[in-house]
Amino acid sequence: MPNTPSGGLGHVPVAIYACAATAPLVREAEQHARHYADARHWHVSGAWTDHDPTLPLTTRPGWAAVVSALSTGMIRGVVVGAASHVTADTAQFAALGVLIRERGGFLAEAVPGPSRRTPGQHERRRALFEAASGWTPGTRLVPRIL
């Protein structure tokens, strides 16, 4: 049962999943996935991790908990820090996404969005702000006495 009303307003409960060999890599992936979910206003219902990426996905306890949460309706989606946390290549990641979609959920990889900055944007903005304030680089600001 979805937690989001038909109008699209409300929260989308998601799970964060990370699997890496070292604790710092797991924390970094989890943080990256949380930022990704927060930027989309998704509610993080839980975070599960595993520390042995060599194990098959279906035998990992953290992933089993994610699948259980998806099956019970606790979450609607799964956000991973990188596709490599759950699959070996993009084709497997797409296939996993199809399996999750068949269960009524979605799978998202926390990838950075396209940069909205263009080359030289900072300098152009500075020039615009300076022009708008009446100050040019060759002049001094002198307080006006009334």
# chains A, B, ... in the order shown; residues from 1 in each chain; ligands from 1
>>> residues_around(residues="Gly104 (chain A)", least_positions_apart="5", cutoff="10 Å", atoms="only C-alpha atoms", output="list in words")
Met1, Pro2, Leu70, Ser71, Gly73, Ile75, Arg76, Gly77, Val98 and Leu99 of chain A
>>> select_by_dssp(residues="region 35-116 of chain A", states="strand (DSSP E)", output="list in words")
Trp42, His43, Val44, Ser45, Gly46, Ala47, Trp48, Thr49, Asp50, Gly77, Val78, Val79, Val80, Phe106, Leu107, Ala108 and Glu109 of chain A
>>> write_last_selection(atoms="N, CA and C atoms", output="compact mmCIF listing (two decimals), in the first residue's frame")
# COMPACT_ATOMS: atom_id res chain seq x y z
N TRP A 42 12.60 12.43 -0.15
CA TRP A 42 12.19 11.09 0.19
C TRP A 42 12.49 10.86 1.66
N HIS A 43 11.61 10.15 2.33
CA HIS A 43 11.77 9.83 3.75
C HIS A 43 12.59 8.55 3.89
N VAL A 44 13.72 8.63 4.57
CA VAL A 44 14.56 7.45 4.78
C VAL A 44 13.99 6.67 5.96
N SER A 45 13.39 5.53 5.66
CA SER A 45 12.77 4.70 6.70
C SER A 45 13.78 3.82 7.41
N GLY A 46 14.89 3.55 6.76
CA GLY A 46 15.90 2.72 7.39
C GLY A 46 17.13 2.61 6.51
N ALA A 47 18.22 2.22 7.14
CA ALA A 47 19.47 2.02 6.41
C ALA A 47 20.03 0.66 6.80
N TRP A 48 20.34 -0.13 5.79
CA TRP A 48 20.89 -1.45 6.02
C TRP A 48 22.22 -1.58 5.31
N THR A 49 23.14 -2.29 5.93
CA THR A 49 24.47 -2.44 5.35
C THR A 49 24.94 -3.88 5.47
N ASP A 50 25.84 -4.20 4.57
CA ASP A 50 26.57 -5.47 4.62
C ASP A 50 28.03 -5.15 4.40
N GLY A 77 11.01 2.29 -2.10
CA GLY A 77 12.18 2.32 -2.95
C GLY A 77 13.44 2.00 -2.19
N VAL A 78 14.49 1.71 -2.97
CA VAL A 78 15.80 1.41 -2.41
C VAL A 78 16.81 2.33 -3.08
N VAL A 79 17.60 3.03 -2.27
CA VAL A 79 18.63 3.92 -2.78
C VAL A 79 19.98 3.33 -2.39
N VAL A 80 20.84 3.14 -3.39
CA VAL A 80 22.18 2.63 -3.15
C VAL A 80 23.19 3.72 -3.51
N PHE A 106 10.99 0.70 -6.40
CA PHE A 106 11.96 1.21 -7.37
C PHE A 106 13.35 1.14 -6.77
N LEU A 107 14.34 1.14 -7.64
CA LEU A 107 15.75 1.09 -7.26
C LEU A 107 16.42 2.32 -7.84
N ALA A 108 17.15 3.06 -7.00
CA ALA A 108 17.82 4.27 -7.46
C ALA A 108 19.28 4.24 -7.05
N GLU A 109 20.13 4.65 -7.98
CA GLU A 109 21.55 4.80 -7.69
C GLU A 109 21.81 6.27 -7.42
>>> atom_distance(atom1="CA of Val111 (chain A)", atom2="CA of Val67 (chain A)")
22.0 Å
>>> closest_residue(among="A:Thr58, A:Gly105, A:Arg124, A:Gly81", to="Arg27 (chain A)", atoms="only C-alpha atoms")
A:Gly81
>>> residues_around(residues="Arg40 (chain A)", least_positions_apart="6", cutoff="10 Å", atoms="only C-alpha atoms", output="list in words")
His11, Val12 and Arg34 of chain A
>>> write_last_selection(atoms="N, CA and C atoms", output="PDB file, in the first residue's frame")
ATOM      1  N   HIS A  11       5.265  11.927   1.523  1.00  0.00           N
ATOM      2  CA  HIS A  11       6.632  11.409   1.524  1.00  0.00           C
ATOM      3  C   HIS A  11       6.685  10.039   0.858  1.00  0.00           C
ATOM      4  N   VAL A  12       7.837   9.747   0.316  1.00  0.00           N
ATOM      5  CA  VAL A  12       8.089   8.442  -0.283  1.00  0.00           C
ATOM      6  C   VAL A  12       9.092   7.741   0.621  1.00  0.00           C
ATOM      7  N   ARG A  34      21.914   9.036   1.405  1.00  0.00           N
ATOM      8  CA  ARG A  34      21.007   9.876   2.198  1.00  0.00           C
ATOM      9  C   ARG A  34      20.859  11.266   1.591  1.00  0.00           C
TER      10      ARG A  34
END
>>> atom_distance(atom1="CA of His51 (chain A)", atom2="CA of Thr90 (chain A)")
21.3 Å
>>> atom_distance(atom1="CA of Ser68 (chain A)", atom2="CA of Pro56 (chain A)")
16.9 Å
>>> closest_residue(among="A:His85, A:His32, A:Arg126, A:Arg101", to="Pro53 (chain A)", atoms="only C-alpha atoms")
A:His85
>>> closest_residue(among="A:Val26, A:Leu55, A:Pro13, A:Ala21", to="His41 (chain A)", atoms="only C-alpha atoms")
A:Pro13
>>> closest_residue(among="A:Ala37, A:Ala20, A:Glu123, A:Ala69", to="Arg103 (chain A)", atoms="only C-alpha atoms")
A:Ala69
>>> closest_residue(among="A:Leu96, A:Ala65, A:Ala110, A:Ala82", to="Leu25 (chain A)", atoms="only C-alpha atoms")
A:Ala82
>>> select_by_dssp(residues="region 8-135 of chain A", states="alpha helix (DSSP H)", output="MDAnalysis selection string")
chainID A and resid 23:39 61:72 90:102 121:133
>>> write_last_selection(atoms="C-alpha atoms", output="PDB file, in the first residue's frame")
ATOM      1  CA  ALA A  23      33.358   0.567   7.445  1.00  0.00           C
ATOM      2  CA  PRO A  24      34.497   3.982   6.109  1.00  0.00           C
ATOM      3  CA  LEU A  25      33.379   3.039   2.586  1.00  0.00           C
ATOM      4  CA  VAL A  26      30.023   1.865   3.910  1.00  0.00           C
ATOM      5  CA  ARG A  27      29.534   5.136   5.832  1.00  0.00           C
ATOM      6  CA  GLU A  28      30.496   7.209   2.796  1.00  0.00           C
ATOM      7  CA  ALA A  29      28.077   5.324   0.533  1.00  0.00           C
ATOM      8  CA  GLU A  30      25.294   5.588   3.090  1.00  0.00           C
ATOM      9  CA  GLN A  31      25.849   9.328   3.484  1.00  0.00           C
ATOM     10  CA  HIS A  32      25.875   9.819  -0.280  1.00  0.00           C
ATOM     11  CA  ALA A  33      22.616   7.874  -0.627  1.00  0.00           C
ATOM     12  CA  ARG A  34      21.007   9.876   2.198  1.00  0.00           C
ATOM     13  CA  HIS A  35      21.901  13.152   0.496  1.00  0.00           C
ATOM     14  CA  TYR A  36      20.410  11.831  -2.725  1.00  0.00           C
ATOM     15  CA  ALA A  37      17.169  10.862  -0.964  1.00  0.00           C
ATOM     16  CA  ASP A  38      16.995  14.143   0.955  1.00  0.00           C
ATOM     17  CA  ALA A  39      17.391  16.141  -2.261  1.00  0.00           C
ATOM     18  CA  PRO A  61      21.478 -10.244   5.701  1.00  0.00           C
ATOM     19  CA  GLY A  62      21.188  -6.490   5.113  1.00  0.00           C
ATOM     20  CA  TRP A  63      19.740  -6.986   1.651  1.00  0.00           C
ATOM     21  CA  ALA A  64      17.299  -9.586   3.018  1.00  0.00           C
ATOM     22  CA  ALA A  65      16.038  -6.941   5.460  1.00  0.00           C
ATOM     23  CA  VAL A  66      15.587  -4.458   2.601  1.00  0.00           C
ATOM     24  CA  VAL A  67      13.602  -7.001   0.587  1.00  0.00           C
ATOM     25  CA  SER A  68      11.469  -7.743   3.654  1.00  0.00           C
ATOM     26  CA  ALA A  69      10.766  -4.037   4.195  1.00  0.00           C
ATOM     27  CA  LEU A  70       9.778  -3.716   0.538  1.00  0.00           C
ATOM     28  CA  SER A  71       7.503  -6.759   0.728  1.00  0.00           C
ATOM     29  CA  THR A  72       5.696  -5.481   3.827  1.00  0.00           C
ATOM     30  CA  THR A  90      24.824  -2.063 -15.393  1.00  0.00           C
ATOM     31  CA  ALA A  91      22.856  -4.872 -17.041  1.00  0.00           C
ATOM     32  CA  GLN A  92      22.484  -6.667 -13.705  1.00  0.00           C
ATOM     33  CA  PHE A  93      21.535  -3.374 -12.039  1.00  0.00           C
ATOM     34  CA  ALA A  94      18.797  -2.836 -14.636  1.00  0.00           C
ATOM     35  CA  ALA A  95      17.543  -6.402 -14.139  1.00  0.00           C
ATOM     36  CA  LEU A  96      17.472  -5.897 -10.361  1.00  0.00           C
ATOM     37  CA  GLY A  97      15.518  -2.691 -10.897  1.00  0.00           C
ATOM     38  CA  VAL A  98      12.947  -4.636 -12.929  1.00  0.00           C
ATOM     39  CA  LEU A  99      12.592  -7.225 -10.132  1.00  0.00           C
ATOM     40  CA  ILE A 100      12.055  -4.517  -7.556  1.00  0.00           C
ATOM     41  CA  ARG A 101       9.583  -2.720  -9.820  1.00  0.00           C
ATOM     42  CA  GLU A 102       7.609  -5.976 -10.135  1.00  0.00           C
ATOM     43  CA  GLN A 121      29.522  31.661 -14.339  1.00  0.00           C
ATOM     44  CA  HIS A 122      31.032  32.916 -11.074  1.00  0.00           C
ATOM     45  CA  GLU A 123      32.885  35.762 -12.811  1.00  0.00           C
ATOM     46  CA  ARG A 124      29.791  36.783 -14.826  1.00  0.00           C
ATOM     47  CA  ARG A 125      27.669  36.877 -11.689  1.00  0.00           C
ATOM     48  CA  ARG A 126      30.264  38.977  -9.881  1.00  0.00           C
ATOM     49  CA  ALA A 127      30.304  41.444 -12.788  1.00  0.00           C
ATOM     50  CA  LEU A 128      26.513  41.645 -12.772  1.00  0.00           C
ATOM     51  CA  PHE A 129      26.351  42.245  -9.025  1.00  0.00           C
ATOM     52  CA  GLU A 130      29.030  44.919  -9.239  1.00  0.00           C
ATOM     53  CA  ALA A 131      27.241  46.642 -12.109  1.00  0.00           C
ATOM     54  CA  ALA A 132      23.947  46.507 -10.267  1.00  0.00           C
ATOM     55  CA  SER A 133      25.477  48.108  -7.201  1.00  0.00           C
TER      56      SER A 133
END
